[in-house]
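Engineer: So here's work27.cif (mmCIF, C-alpha atoms).
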```cif
data_start
loop_
_atom_site.group_PDB
_atom_site.id
_atom_site.type_symbol
_atom_site.label_atom_id
_atom_site.label_comp_id
_atom_site.auth_asym_id
_atom_site.auth_seq_id
_atom_site.Cartn_x
_atom_site.Cartn_y
_atom_site.Cartn_z
ATOM 1 C CA MET Y 1 10.265 12.672 -19.059
ATOM 2 C CA HIS Y 2 11.331 9.234 -17.912
ATOM 3 C CA ALA Y 3 9.181 6.845 -15.856
ATOM 4 C CA ALA Y 4 10.348 3.545 -14.357
ATOM 5 C CA VAL Y 5 7.828 0.827 -13.533
ATOM 6 C CA ILE Y 6 8.986 -1.788 -11.038
ATOM 7 C CA VAL Y 7 8.178 -5.444 -11.776
ATOM 8 C CA PHE Y 8 7.937 -7.855 -8.821
ATOM 9 C CA PRO Y 9 7.156 -11.544 -9.048
ATOM 10 C CA GLY Y 10 3.348 -11.421 -8.875
ATOM 11 C CA SER Y 11 2.900 -7.883 -10.255
ATOM 12 C CA ASN Y 12 -0.019 -7.895 -12.686
ATOM 13 C CA CYS Y 13 -0.679 -4.211 -13.418
ATOM 14 C CA ASP Y 14 2.882 -3.325 -14.414
ATOM 15 C CA ARG Y 15 2.170 -3.241 -18.150
ATOM 16 C CA ASP Y 16 -1.089 -1.336 -17.701
ATOM 17 C CA LEU Y 17 0.777 1.259 -15.653
ATOM 18 C CA ALA Y 18 3.542 1.480 -18.277
ATOM 19 C CA VAL Y 19 0.990 2.017 -21.072
ATOM 20 C CA ALA Y 20 -0.779 4.736 -19.078
ATOM 21 C CA PHE Y 21 2.532 6.590 -18.564
ATOM 22 C CA GLU Y 22 3.447 6.133 -22.264
ATOM 23 C CA ARG Y 23 0.101 7.421 -23.529
ATOM 24 C CA ALA Y 24 0.609 10.488 -21.351
ATOM 25 C CA GLY Y 25 3.943 11.098 -23.121
ATOM 26 C CA ALA Y 26 6.529 9.475 -20.842
ATOM 27 C CA GLN Y 27 9.402 7.258 -21.883
ATOM 28 C CA VAL Y 28 9.046 4.112 -19.763
ATOM 29 C CA SER Y 29 11.595 1.578 -18.485
ATOM 30 C CA MET Y 30 10.569 -1.638 -16.788
ATOM 31 C CA VAL Y 31 12.800 -2.397 -13.801
ATOM 32 C CA TRP Y 32 13.126 -5.888 -12.304
ATOM 33 C CA HIS Y 33 12.885 -6.152 -8.509
ATOM 34 C CA LYS Y 34 16.348 -7.707 -8.188
ATOM 35 C CA ASP Y 35 17.999 -4.706 -9.825
ATOM 36 C CA THR Y 36 19.649 -2.500 -7.272
ATOM 37 C CA ASP Y 37 19.545 0.790 -9.157
ATOM 38 C CA LEU Y 38 16.924 2.786 -11.006
ATOM 39 C CA PRO Y 39 17.881 3.864 -14.557
ATOM 40 C CA GLN Y 40 19.744 7.176 -14.739
ATOM 41 C CA GLY Y 41 17.532 10.247 -14.940
ATOM 42 C CA VAL Y 42 14.265 8.674 -13.804
ATOM 43 C CA ASP Y 43 11.693 11.334 -12.919
ATOM 44 C CA ILE Y 44 8.947 9.108 -11.553
ATOM 45 C CA VAL Y 45 8.768 5.547 -10.291
ATOM 46 C CA GLY Y 46 5.567 3.561 -10.713
ATOM 47 C CA VAL Y 47 4.961 0.782 -8.169
ATOM 48 C CA PRO Y 48 2.256 -1.367 -9.752
ATOM 49 C CA GLY Y 49 -0.652 -3.399 -8.477
ATOM 50 C CA GLY Y 50 -0.713 -7.161 -8.208
ATOM 51 C CA PHE Y 51 0.224 -9.713 -5.599
ATOM 52 C CA SER Y 52 3.955 -9.287 -5.125
ATOM 53 C CA TYR Y 53 5.460 -12.411 -3.551
ATOM 54 C CA GLY Y 54 1.983 -13.927 -3.328
ATOM 55 C CA ASP Y 55 1.025 -11.454 -0.574
ATOM 56 C CA TYR Y 56 2.997 -13.720 1.792
ATOM 57 C CA LEU Y 57 3.490 -12.493 5.375
ATOM 58 C CA ARG Y 58 1.628 -9.192 4.686
ATOM 59 C CA CYS Y 59 0.706 -7.529 1.402
ATOM 60 C CA GLY Y 60 3.772 -5.662 0.174
ATOM 61 C CA ALA Y 61 6.011 -6.614 3.109
ATOM 62 C CA ILE Y 62 8.508 -8.713 1.192
ATOM 63 C CA ALA Y 63 8.529 -6.413 -1.846
ATOM 64 C CA ALA Y 64 9.270 -3.474 0.464
ATOM 65 C CA ASN Y 65 12.503 -5.202 1.443
ATOM 66 C CA SER Y 66 13.579 -6.143 -2.103
ATOM 67 C CA PRO Y 67 16.816 -4.674 -3.532
ATOM 68 C CA ILE Y 68 15.118 -2.178 -5.860
ATOM 69 C CA CYS Y 69 12.974 -0.753 -3.056
ATOM 70 C CA ARG Y 70 16.084 0.615 -1.354
ATOM 71 C CA SER Y 71 16.632 2.704 -4.486
ATOM 72 C CA VAL Y 72 12.973 3.718 -4.570
ATOM 73 C CA ILE Y 73 13.271 4.964 -0.969
ATOM 74 C CA THR Y 74 16.426 6.919 -1.869
ATOM 75 C CA HIS Y 75 14.663 8.358 -4.933
ATOM 76 C CA ALA Y 76 11.727 9.501 -2.769
ATOM 77 C CA ASP Y 77 14.053 10.872 -0.069
ATOM 78 C CA LYS Y 78 15.788 12.983 -2.716
ATOM 79 C CA GLY Y 79 12.464 14.509 -3.770
ATOM 80 C CA GLY Y 80 11.723 12.156 -6.671
ATOM 81 C CA TYR Y 81 8.149 11.353 -7.684
ATOM 82 C CA VAL Y 82 6.553 7.975 -6.953
ATOM 83 C CA LEU Y 83 3.109 6.598 -7.796
ATOM 84 C CA GLY Y 84 2.004 3.441 -5.988
ATOM 85 C CA VAL Y 85 -1.274 1.842 -7.041
ATOM 86 C CA CYS Y 86 -3.048 -0.903 -5.075
ATOM 87 C CA ASN Y 87 -0.299 -3.373 -4.112
ATOM 88 C CA GLY Y 88 2.047 -0.477 -4.914
ATOM 89 C CA PHE Y 89 0.328 1.604 -2.207
ATOM 90 C CA GLN Y 90 0.683 -1.302 0.233
ATOM 91 C CA ILE Y 91 4.393 -1.518 -0.623
ATOM 92 C CA LEU Y 92 4.876 2.242 -0.089
ATOM 93 C CA THR Y 93 3.326 2.048 3.384
ATOM 94 C CA GLU Y 94 5.451 -1.010 4.209
ATOM 95 C CA THR Y 95 8.625 0.891 3.251
ATOM 96 C CA GLY Y 96 7.526 3.797 5.428
ATOM 97 C CA ILE Y 97 7.569 6.230 2.462
ATOM 98 C CA LEU Y 98 3.871 6.817 3.197
ATOM 99 C CA PRO Y 99 2.287 6.614 6.673
ATOM 100 C CA GLY Y 100 -0.327 4.103 7.828
ATOM 101 C CA ALA Y 101 -1.119 0.588 6.659
ATOM 102 C CA LEU Y 102 -3.697 -1.287 4.585
ATOM 103 C CA LEU Y 103 -5.732 -3.798 6.565
ATOM 104 C CA ARG Y 104 -8.090 -6.563 5.440
ATOM 105 C CA ASN Y 105 -11.306 -5.085 3.979
ATOM 106 C CA ALA Y 106 -13.903 -4.540 6.702
ATOM 107 C CA GLY Y 107 -16.326 -6.860 4.855
ATOM 108 C CA LEU Y 108 -13.572 -9.519 4.595
ATOM 109 C CA LYS Y 109 -14.273 -9.939 0.877
ATOM 110 C CA TYR Y 110 -12.142 -9.208 -2.132
ATOM 111 C CA VAL Y 111 -13.889 -6.272 -3.811
ATOM 112 C CA CYS Y 112 -13.571 -5.777 -7.570
ATOM 113 C CA LYS Y 113 -15.788 -3.051 -9.035
ATOM 114 C CA PRO Y 114 -15.779 0.520 -10.317
ATOM 115 C CA VAL Y 115 -16.074 3.040 -7.480
ATOM 116 C CA GLU Y 116 -16.685 6.761 -7.360
ATOM 117 C CA LEU Y 117 -13.904 8.854 -5.880
ATOM 118 C CA CYS Y 118 -13.934 12.438 -4.722
ATOM 119 C CA VAL Y 119 -10.890 14.591 -5.476
ATOM 120 C CA ALA Y 120 -9.936 15.858 -2.028
ATOM 121 C CA THR Y 121 -7.128 18.129 -3.204
ATOM 122 C CA ALA Y 122 -5.984 19.484 -6.559
ATOM 123 C CA ASP Y 123 -2.720 20.598 -4.994
ATOM 124 C CA SER Y 124 -0.317 17.979 -6.397
ATOM 125 C CA ALA Y 125 1.086 17.075 -9.795
ATOM 126 C CA PHE Y 126 -1.087 13.942 -9.737
ATOM 127 C CA THR Y 127 -4.370 15.694 -9.019
ATOM 128 C CA SER Y 128 -3.754 19.013 -10.789
ATOM 129 C CA GLY Y 129 -5.837 17.827 -13.747
ATOM 130 C CA TYR Y 130 -8.945 17.491 -11.578
ATOM 131 C CA ALA Y 131 -11.055 20.100 -9.829
ATOM 132 C CA LYS Y 132 -11.129 19.786 -6.063
ATOM 133 C CA GLY Y 133 -14.465 18.291 -5.053
ATOM 134 C CA SER Y 134 -15.085 16.710 -8.469
ATOM 135 C CA ASN Y 135 -15.819 13.003 -8.837
ATOM 136 C CA LEU Y 136 -14.236 10.316 -10.969
ATOM 137 C CA THR Y 137 -14.976 6.640 -11.478
ATOM 138 C CA VAL Y 138 -12.132 4.116 -11.419
ATOM 139 C CA PRO Y 139 -12.002 0.423 -10.507
ATOM 140 C CA ILE Y 140 -10.822 -1.096 -7.269
ATOM 141 C CA ALA Y 141 -9.664 -4.722 -7.000
ATOM 142 C CA HIS Y 142 -8.321 -5.593 -3.582
ATOM 143 C CA HIS Y 143 -8.725 -7.677 -0.443
ATOM 144 C CA ASP Y 144 -6.604 -5.482 1.810
ATOM 145 C CA GLY Y 145 -7.470 -1.875 1.079
ATOM 146 C CA ASN Y 146 -8.806 -0.761 4.425
ATOM 147 C CA TYR Y 147 -6.619 2.259 5.158
ATOM 148 C CA TYR Y 148 -5.565 2.521 8.786
ATOM 149 C CA ALA Y 149 -3.496 5.077 10.654
ATOM 150 C CA ASP Y 150 -3.713 6.331 14.216
ATOM 151 C CA ASP Y 151 -5.871 9.391 14.859
ATOM 152 C CA ALA Y 152 -2.900 11.743 15.178
ATOM 153 C CA THR Y 153 -1.627 10.651 11.739
ATOM 154 C CA LEU Y 154 -5.095 10.953 10.180
ATOM 155 C CA ASP Y 155 -5.544 14.439 11.682
ATOM 156 C CA ARG Y 156 -2.163 15.440 10.320
ATOM 157 C CA LEU Y 157 -2.953 14.116 6.823
ATOM 158 C CA MET Y 158 -6.174 16.117 6.789
ATOM 159 C CA ALA Y 159 -4.591 19.265 8.252
ATOM 160 C CA GLU Y 160 -1.797 19.148 5.661
ATOM 161 C CA ASP Y 161 -4.263 18.565 2.807
ATOM 162 C CA ARG Y 162 -2.552 15.268 1.991
ATOM 163 C CA VAL Y 163 -5.638 13.152 1.339
ATOM 164 C CA ALA Y 164 -5.690 12.992 -2.478
ATOM 165 C CA PHE Y 165 -8.864 10.957 -3.018
ATOM 166 C CA THR Y 166 -11.720 9.760 -0.827
ATOM 167 C CA TYR Y 167 -14.374 7.140 -1.586
ATOM 168 C CA CYS Y 168 -17.881 8.561 -2.122
ATOM 169 C CA ASP Y 169 -19.275 5.251 -0.783
ATOM 170 C CA ASN Y 170 -16.631 3.551 1.367
ATOM 171 C CA PRO Y 171 -16.190 -0.023 0.005
ATOM 172 C CA ASN Y 172 -13.607 -1.373 2.468
ATOM 173 C CA GLY Y 173 -13.832 0.389 5.832
ATOM 174 C CA SER Y 174 -10.957 2.806 5.200
ATOM 175 C CA ALA Y 175 -10.465 5.406 7.921
ATOM 176 C CA ARG Y 176 -12.088 8.707 6.937
ATOM 177 C CA ASP Y 177 -13.007 7.210 3.537
ATOM 178 C CA ILE Y 178 -9.379 7.579 2.421
ATOM 179 C CA ALA Y 179 -8.602 6.105 -1.007
ATOM 180 C CA GLY Y 180 -5.223 7.764 -1.618
ATOM 181 C CA ILE Y 181 -2.687 9.916 0.218
ATOM 182 C CA LEU Y 182 0.273 12.155 -0.599
ATOM 183 C CA SER Y 183 3.685 12.403 1.013
ATOM 184 C CA GLU Y 184 4.685 15.511 2.914
ATOM 185 C CA ASN Y 185 6.366 16.999 -0.187
ATOM 186 C CA ARG Y 186 3.284 15.995 -2.296
ATOM 187 C CA ARG Y 187 5.481 14.043 -4.744
ATOM 188 C CA VAL Y 188 4.527 10.539 -3.665
ATOM 189 C CA LEU Y 189 0.957 9.331 -4.190
ATOM 190 C CA GLY Y 190 -0.326 5.995 -2.946
ATOM 191 C CA MET Y 191 -3.861 4.911 -3.822
ATOM 192 C CA MET Y 192 -5.862 1.675 -3.810
ATOM 193 C CA PRO Y 193 -8.054 2.415 -6.903
ATOM 194 C CA HIS Y 194 -6.580 1.810 -10.355
ATOM 195 C CA PRO Y 195 -6.442 4.960 -12.528
ATOM 196 C CA GLU Y 196 -4.415 3.017 -15.140
ATOM 197 C CA ARG Y 197 -7.412 0.742 -15.695
ATOM 198 C CA MET Y 198 -9.642 3.682 -16.610
ATOM 199 C CA ALA Y 199 -7.340 5.614 -18.882
ATOM 200 C CA GLU Y 200 -8.650 5.069 -22.421
ATOM 201 C CA PRO Y 201 -12.087 4.640 -24.047
ATOM 202 C CA LEU Y 202 -11.748 0.853 -24.425
ATOM 203 C CA HIS Y 203 -11.442 0.593 -20.641
ATOM 204 C CA GLY Y 204 -14.991 1.881 -20.409
ATOM 205 C CA GLY Y 205 -13.959 5.345 -19.302
ATOM 206 C CA THR Y 206 -11.058 7.771 -19.190
ATOM 207 C CA ASP Y 207 -11.397 9.311 -15.729
ATOM 208 C CA GLY Y 208 -7.938 8.087 -14.706
ATOM 209 C CA ALA Y 209 -6.105 9.605 -17.681
ATOM 210 C CA ALA Y 210 -5.894 13.114 -16.164
ATOM 211 C CA LEU Y 211 -3.769 11.763 -13.318
ATOM 212 C CA PHE Y 212 -1.073 10.571 -15.725
ATOM 213 C CA ALA Y 213 -1.427 13.628 -17.976
ATOM 214 C CA GLY Y 214 -1.064 15.848 -14.907
ATOM 215 C CA VAL Y 215 2.088 14.329 -13.488
ATOM 216 C CA VAL Y 216 3.795 13.617 -16.821
ATOM 217 C CA GLY Y 217 2.964 17.124 -18.058
ATOM 218 C CA GLN Y 218 4.281 18.777 -14.936
ATOM 219 C CA LEU Y 219 7.521 16.780 -14.957
ATOM 220 C CA ALA Y 220 8.046 17.321 -18.693
ATOM 221 C CA ASP Y 221 7.813 21.089 -18.178
ATOM 222 C CA ALA Y 222 10.235 21.006 -15.262
ATOM 223 C CA MET L 1 17.750 -23.150 18.934
ATOM 224 C CA LYS L 2 14.139 -22.426 18.113
ATOM 225 C CA ALA L 3 12.355 -19.129 18.311
ATOM 226 C CA ARG L 4 8.630 -18.553 18.208
ATOM 227 C CA VAL L 5 7.209 -15.165 17.264
ATOM 228 C CA HIS L 6 3.589 -14.228 17.971
ATOM 229 C CA VAL L 7 2.255 -11.377 15.859
ATOM 230 C CA MET L 8 -1.095 -9.807 16.742
ATOM 231 C CA LEU L 9 -2.988 -6.752 15.546
ATOM 232 C CA LYS L 10 -2.610 -4.015 18.163
ATOM 233 C CA SER L 11 -5.510 -3.717 20.560
ATOM 234 C CA GLY L 12 -6.847 -0.492 19.031
ATOM 235 C CA VAL L 13 -6.907 -1.959 15.510
ATOM 236 C CA LEU L 14 -10.181 -3.578 14.447
ATOM 237 C CA ASP L 15 -9.720 -7.251 13.548
ATOM 238 C CA PRO L 16 -12.523 -8.106 11.103
ATOM 239 C CA GLN L 17 -11.372 -11.732 10.817
ATOM 240 C CA GLY L 18 -11.498 -12.193 14.583
ATOM 241 C CA GLU L 19 -14.973 -10.620 14.594
ATOM 242 C CA ALA L 20 -16.150 -13.021 11.886
ATOM 243 C CA VAL L 21 -14.842 -15.977 13.911
ATOM 244 C CA ARG L 22 -16.598 -14.658 17.020
ATOM 245 C CA HIS L 23 -19.911 -14.422 15.126
ATOM 246 C CA ALA L 24 -19.457 -17.937 13.732
ATOM 247 C CA LEU L 25 -18.782 -19.355 17.194
ATOM 248 C CA GLY L 26 -21.903 -17.639 18.522
ATOM 249 C CA SER L 27 -24.067 -19.049 15.738
ATOM 250 C CA MET L 28 -22.671 -22.550 16.440
ATOM 251 C CA GLY L 29 -23.919 -22.319 19.986
ATOM 252 C CA PHE L 30 -20.670 -21.409 21.755
ATOM 253 C CA ASP L 31 -22.077 -18.709 23.980
ATOM 254 C CA GLY L 32 -20.125 -16.235 25.997
ATOM 255 C CA VAL L 33 -17.264 -15.565 23.588
ATOM 256 C CA GLU L 34 -16.814 -11.854 24.159
ATOM 257 C CA GLY L 35 -13.916 -11.271 21.856
ATOM 258 C CA VAL L 36 -11.708 -13.077 19.311
ATOM 259 C CA ARG L 37 -8.412 -11.784 18.002
ATOM 260 C CA GLN L 38 -6.641 -13.664 15.242
ATOM 261 C CA GLY L 39 -2.885 -13.448 14.847
ATOM 262 C CA LYS L 40 -0.040 -15.521 13.520
ATOM 263 C CA VAL L 41 2.773 -17.623 14.862
ATOM 264 C CA ILE L 42 6.124 -17.761 13.090
ATOM 265 C CA GLU L 43 8.642 -20.451 14.090
ATOM 266 C CA LEU L 44 12.308 -20.008 13.320
ATOM 267 C CA ASP L 45 15.139 -22.537 13.477
ATOM 268 C CA LEU L 46 18.276 -20.655 14.432
ATOM 269 C CA ALA L 47 21.942 -21.635 14.292
ATOM 270 C CA GLU L 48 22.585 -19.251 17.200
ATOM 271 C CA THR L 49 23.191 -20.911 20.598
ATOM 272 C CA ASP L 50 23.235 -17.827 22.832
ATOM 273 C CA VAL L 51 19.729 -17.032 24.105
ATOM 274 C CA ALA L 52 20.287 -13.297 24.545
ATOM 275 C CA LYS L 53 21.796 -12.925 21.075
ATOM 276 C CA ALA L 54 19.008 -14.985 19.530
ATOM 277 C CA LYS L 55 16.404 -12.826 21.225
ATOM 278 C CA SER L 56 17.957 -9.599 20.026
ATOM 279 C CA THR L 57 18.351 -10.896 16.457
ATOM 280 C CA VAL L 58 14.745 -12.114 16.284
ATOM 281 C CA THR L 59 13.559 -8.795 17.735
ATOM 282 C CA ALA L 60 15.396 -7.015 14.911
ATOM 283 C CA MET L 61 13.699 -9.376 12.419
ATOM 284 C CA CYS L 62 10.324 -8.456 13.889
ATOM 285 C CA GLU L 63 11.015 -4.736 13.669
ATOM 286 C CA LYS L 64 12.253 -4.954 10.077
ATOM 287 C CA LEU L 65 10.028 -7.594 8.503
ATOM 288 C CA LEU L 66 8.028 -10.065 10.586
ATOM 289 C CA ALA L 67 5.669 -7.466 12.080
ATOM 290 C CA ASN L 68 4.388 -4.135 10.811
ATOM 291 C CA THR L 69 4.591 -2.123 14.002
ATOM 292 C CA VAL L 70 2.131 0.454 12.658
ATOM 293 C CA ILE L 71 -0.648 -2.092 13.133
ATOM 294 C CA GLU L 72 0.863 -5.127 14.856
ATOM 295 C CA SER L 73 2.517 -6.006 18.148
ATOM 296 C CA TYR L 74 4.806 -9.003 18.578
ATOM 297 C CA SER L 75 6.391 -11.160 21.246
ATOM 298 C CA VAL L 76 9.436 -13.416 20.998
ATOM 299 C CA GLU L 77 9.932 -16.738 22.798
ATOM 300 C CA ILE L 78 13.242 -18.561 22.635
ATOM 301 C CA ALA L 79 13.106 -22.308 23.329
#
```
Could you express the structure from this file as structure tokens?
Structural biologist:
Amino acid sequence: MHAAVIVFPGSNCDRDLAVAFERAGAQVSMVWHKDTDLPQGVDIVGVPGGFSYGDYLRCGAIAANSPICRSVITHADKGGYVLGVCNGFQILTETGILPGALLRNAGLKYVCKPVELCVATADSAFTSGYAKGSNLTVPIAHHDGNYYADDATLDRLMAEDRVAFTYCDNPNGSARDIAGILSENRRVLGMMPHPERMAEPLHGGTDGAALFAGVVGQLADA
Amino acid sequence: MKARVHVMLKSGVLDPQGEAVRHALGSMGFDGVEGVRQGKVIELDLAETDVAKAKSTVTAMCEKLLANTVIESYSVEIA
């Protein structure tokens, strides 16, 4: 099972994401943003957190138009798996792979703290290791994590069971407490909280590990 | 030829920064400010000399990069 983690100028969670995939049993390649192609045989692409291109223009906007992102879009279009965390989620919405956008936090402040999430669906490779309705604690660290989409899109996400995680206590004003969403084929997950920062005991908890175990396990069996 | 692009959050999208500015103005004694929306202005220096072509190119730039049309609206001025 082969994972590729994209590295943009300003990414700062790329190595954490790579370690989380590795500990779950994946072989990991780091891919520079100027590369035009993903390595052969990649099963899942990780789009990491950080501040790609200094968050200039809009968070994720310039990264979404970088050479490697064209390949990430093609990979997703062909049914490949993608995990975008934090800035990675912002990039996935900017590419249009996932619907909606991430606005400035409602409280205008950068928020960096552990938060409690509710698992809204267990029906995806990413969330199969959790029970629907169960809670997990993982950190958030963002200034622009306020999920926005128009009402029709939000209704559709809910009707199609594509909200993966919600916040138990909404920290940023996100519509319908949304912390993470799935693509239509359930193979792309974008989320603001950082499961890779809560994946081994030294992190202070391991609630995020099941996400990586779930998706790596499912893809390894395939 | 110069182009100026105004990018604003769409009217239905809450603008917390604009709200914070509105509150600050009120507390400074500027009464009667009923709404503040904060956006951005992007100025471009273009080699193009044809106004219509410049407008259509800058519109394409807005659609692809300068604005996120999920949340933002834009307008293009050519000077």
Engineer: Of the candidates L:Ser73, L:Met8, L:Asp15, L:Glu63, which shows the shortest atom-to-atom distance to L:Lys40, using only C-alpha atoms?
Structural biologist: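 Smallest separation from L:Lys40 among the options: L:Met8.
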Engineer: Please determine the contact residues of chain L with respect to chain Y at a cut-off of 8 Å, counting all atoms listed in the file, and supply them as JSON, numbers by chain.
Structural biologist: {"L": [16, 17, 65, 66, 68, 70, 71]}
Engineer: Those same residues, written as a short mmCIF file (atom, residue, chain, number, x, y, z; two decimals), in the frame of the given file with C-alpha atoms?
Structural biologist:
```
data_model
loop_
_atom_site.label_atom_id
_atom_site.label_comp_id
_atom_site.auth_asym_id
_atom_site.auth_seq_id
_atom_site.Cartn_x
_atom_site.Cartn_y
_atom_site.Cartn_z
CA PRO L 16 -12.52 -8.11 11.10
CA GLN L 17 -11.37 -11.73 10.82
CA LEU L 65 10.03 -7.59 8.50
CA LEU L 66 8.03 -10.06 10.59
CA ASN L 68 4.39 -4.14 10.81
CA VAL L 70 2.13 0.45 12.66
CA ILE L 71 -0.65 -2.09 13.13
#
```
Engineer: Considering all atoms listed in the file, return as an MDAnalysis selection string whatever protein or nucleic-acid residues lie within 9 Å of L:Leu46, sequence-local ones (same chain, fewer than 5 positions apart) excluded.
Structural biologist: chainID L and resid 1:3 54
Engineer: Which residue, L:Lys55, L:Arg37, L:Arg22, L:Lys64, has the smallest gap to L:Glu77 when you use only C-alpha atoms?
Structural biologist: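 Counting only C-alpha atoms, the residue closest to L:Glu77 is L:Lys55.
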Engineer: Considering only C-alpha atoms, state which residue in the set L:Thr59, L:Thr69, L:Gly39, L:Asp45 is at the smallest distance from L:Val7.
Structural biologist: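 Under the stated criterion, the closest residue is L:Gly39.
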Engineer: If I take atom CA of Y:Phe89 and atom CA of Y:Ile181, how far is one from the other in Å, to one decimal?
Structural biologist: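 Between atom CA of Y:Phe89 and atom CA of Y:Ile181 the gap works out to 9.2 Å.
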Engineer: Show me the residues close to (-1.2, -5.8, -16.4) - anything with an atom within 12 Å, counting all atoms listed in the file - and format the list as an mmCIF file with C-alpha atoms, in the coordinates of the input.
Structural biologist:
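Result file follows (selection.cif):
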```cif
data_model
loop_
_atom_site.group_PDB
_atom_site.id
_atom_site.type_symbol
_atom_site.label_atom_id
_atom_site.label_comp_id
_atom_site.auth_asym_id
_atom_site.auth_seq_id
_atom_site.Cartn_x
_atom_site.Cartn_y
_atom_site.Cartn_z
ATOM 1 C CA VAL Y 5 7.828 0.827 -13.533
ATOM 2 C CA VAL Y 7 8.178 -5.444 -11.776
ATOM 3 C CA GLY Y 10 3.348 -11.421 -8.875
ATOM 4 C CA SER Y 11 2.900 -7.883 -10.255
ATOM 5 C CA ASN Y 12 -0.019 -7.895 -12.686
ATOM 6 C CA CYS Y 13 -0.679 -4.211 -13.418
ATOM 7 C CA ASP Y 14 2.882 -3.325 -14.414
ATOM 8 C CA ARG Y 15 2.170 -3.241 -18.150
ATOM 9 C CA ASP Y 16 -1.089 -1.336 -17.701
ATOM 10 C CA LEU Y 17 0.777 1.259 -15.653
ATOM 11 C CA ALA Y 18 3.542 1.480 -18.277
ATOM 12 C CA VAL Y 19 0.990 2.017 -21.072
ATOM 13 C CA ALA Y 20 -0.779 4.736 -19.078
ATOM 14 C CA PRO Y 48 2.256 -1.367 -9.752
ATOM 15 C CA GLY Y 49 -0.652 -3.399 -8.477
ATOM 16 C CA GLY Y 50 -0.713 -7.161 -8.208
ATOM 17 C CA PHE Y 51 0.224 -9.713 -5.599
ATOM 18 C CA HIS Y 194 -6.580 1.810 -10.355
ATOM 19 C CA GLU Y 196 -4.415 3.017 -15.140
ATOM 20 C CA ARG Y 197 -7.412 0.742 -15.695
#
```
Engineer: Go through Y:Thr121, Y:Pro193, Y:Glu116, Y:Gln218 one by one, measure the shortest atom-to-atom distance of each to Y:Asp169 using only C-alpha atoms, and give the residue with the smallest value.
Structural biologist: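 Of Y:Thr121, Y:Pro193, Y:Glu116, Y:Gln218, the one nearest Y:Asp169 is Y:Glu116, counting only C-alpha atoms.
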Engineer: Name all residues at most 9 Å from Y:Val31 (count all atoms listed in the file; drop same-chain ones fewer than 3 positions away) and give them as a PyMOL selection string.
Structural biologist: chain Y and resi 4-8+34-35+37-39+68
Engineer: Output C-alpha atoms for every residue in the selection just made, as a CSV table (one decimal), in the coordinates of the input.
Structural biologist:
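For reference, selection_17.csv as written:
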```csv
chain,number,residue,atom,x,y,z
Y,4,ALA,CA,10.3,3.5,-14.4
Y,5,VAL,CA,7.8,0.8,-13.5
Y,6,ILE,CA,9.0,-1.8,-11.0
Y,7,VAL,CA,8.2,-5.4,-11.8
Y,8,PHE,CA,7.9,-7.9,-8.8
Y,34,LYS,CA,16.3,-7.7,-8.2
Y,35,ASP,CA,18.0,-4.7,-9.8
Y,37,ASP,CA,19.5,0.8,-9.2
Y,38,LEU,CA,16.9,2.8,-11.0
Y,39,PRO,CA,17.9,3.9,-14.6
Y,68,ILE,CA,15.1,-2.2,-5.9
```
Engineer: Find the residues near L:Gly18: any atom within 8 Å, counting all atoms listed in the file, skip ones fewer than 5 places away on the same chain, and give them as a PyMOL selection string.
Structural biologist: chain L and resi 35-38
Engineer: Between atom CA of L:Asp50 and atom CA of L:Ser75, what is the spacing in Å?
Structural biologist: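 Computed distance, atom CA of L:Ser75 to atom CA of L:Asp50, equals 18.2 Å.
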Engineer: So what do you get for atom CA of Y:Ser134 versus atom CA of Y:Arg23, distance-wise?
Structural biologist: 23.3 Å
Engineer: Which polymer residues have any atom within 7 Å of an atom of Y:Thr127, counting all atoms listed in the file, with same-chain residues fewer than 5 positions away left out, as an mmCIF file with C-alpha atoms, in the coordinates of the input?
Structural biologist:
```
data_model
loop_
_atom_site.group_PDB
_atom_site.id
_atom_site.type_symbol
_atom_site.label_atom_id
_atom_site.label_comp_id
_atom_site.auth_asym_id
_atom_site.auth_seq_id
_atom_site.Cartn_x
_atom_site.Cartn_y
_atom_site.Cartn_z
ATOM 1 C CA THR Y 121 -7.128 18.129 -3.204
ATOM 2 C CA ALA Y 122 -5.984 19.484 -6.559
ATOM 3 C CA LEU Y 211 -3.769 11.763 -13.318
ATOM 4 C CA GLY Y 214 -1.064 15.848 -14.907
#
```
Engineer: Taking the file as shown, find all residues satisfying the PyMOL selection byres ((chain Y and resi 195) around 12) and write them as a PyMOL selection string.
Structural biologist: chain Y and resi 13+16-17+19-21+48-49+83-86+114-117+126-127+136-141+165+179-180+189-194+196-200+203+205-213
Engineer: Can you report as lines of an AutoDock Vina configuration file the centre and edge lengths in Å, to one decimal, of an axis-aligned box around the listed atoms of stretch 21-34 of chain L padded with 5 Å on each side?
Structural biologist:
```
center_x = -19.5
center_y = -17.2
center_z = 19.9
size_x = 19.2
size_y = 20.7
size_z = 22.3
```
Engineer: Take stretch 5-9 of chain Y from the preceding structure and save N, CA and C atoms as a tab-separated table (two decimals), in the first residue's frame.
Structural biologist:
```tsv
chain	number	residue	atom	x	y	z
Y	5	VAL	N	2.75	11.82	0.02
Y	5	VAL	CA	2.44	13.05	0.76
Y	5	VAL	C	3.04	14.22	-0.02
Y	6	ILE	N	2.18	15.19	-0.34
Y	6	ILE	CA	2.63	16.34	-1.12
Y	6	ILE	C	3.31	17.35	-0.20
Y	7	VAL	N	4.41	17.93	-0.68
Y	7	VAL	CA	5.12	18.96	0.10
Y	7	VAL	C	5.09	20.28	-0.68
Y	8	PHE	N	4.42	21.28	-0.10
Y	8	PHE	CA	4.38	22.63	-0.68
Y	8	PHE	C	5.36	23.51	0.09
Y	9	PRO	N	5.79	24.61	-0.50
Y	9	PRO	CA	6.54	25.56	0.32
Y	9	PRO	C	5.58	26.09	1.41
```
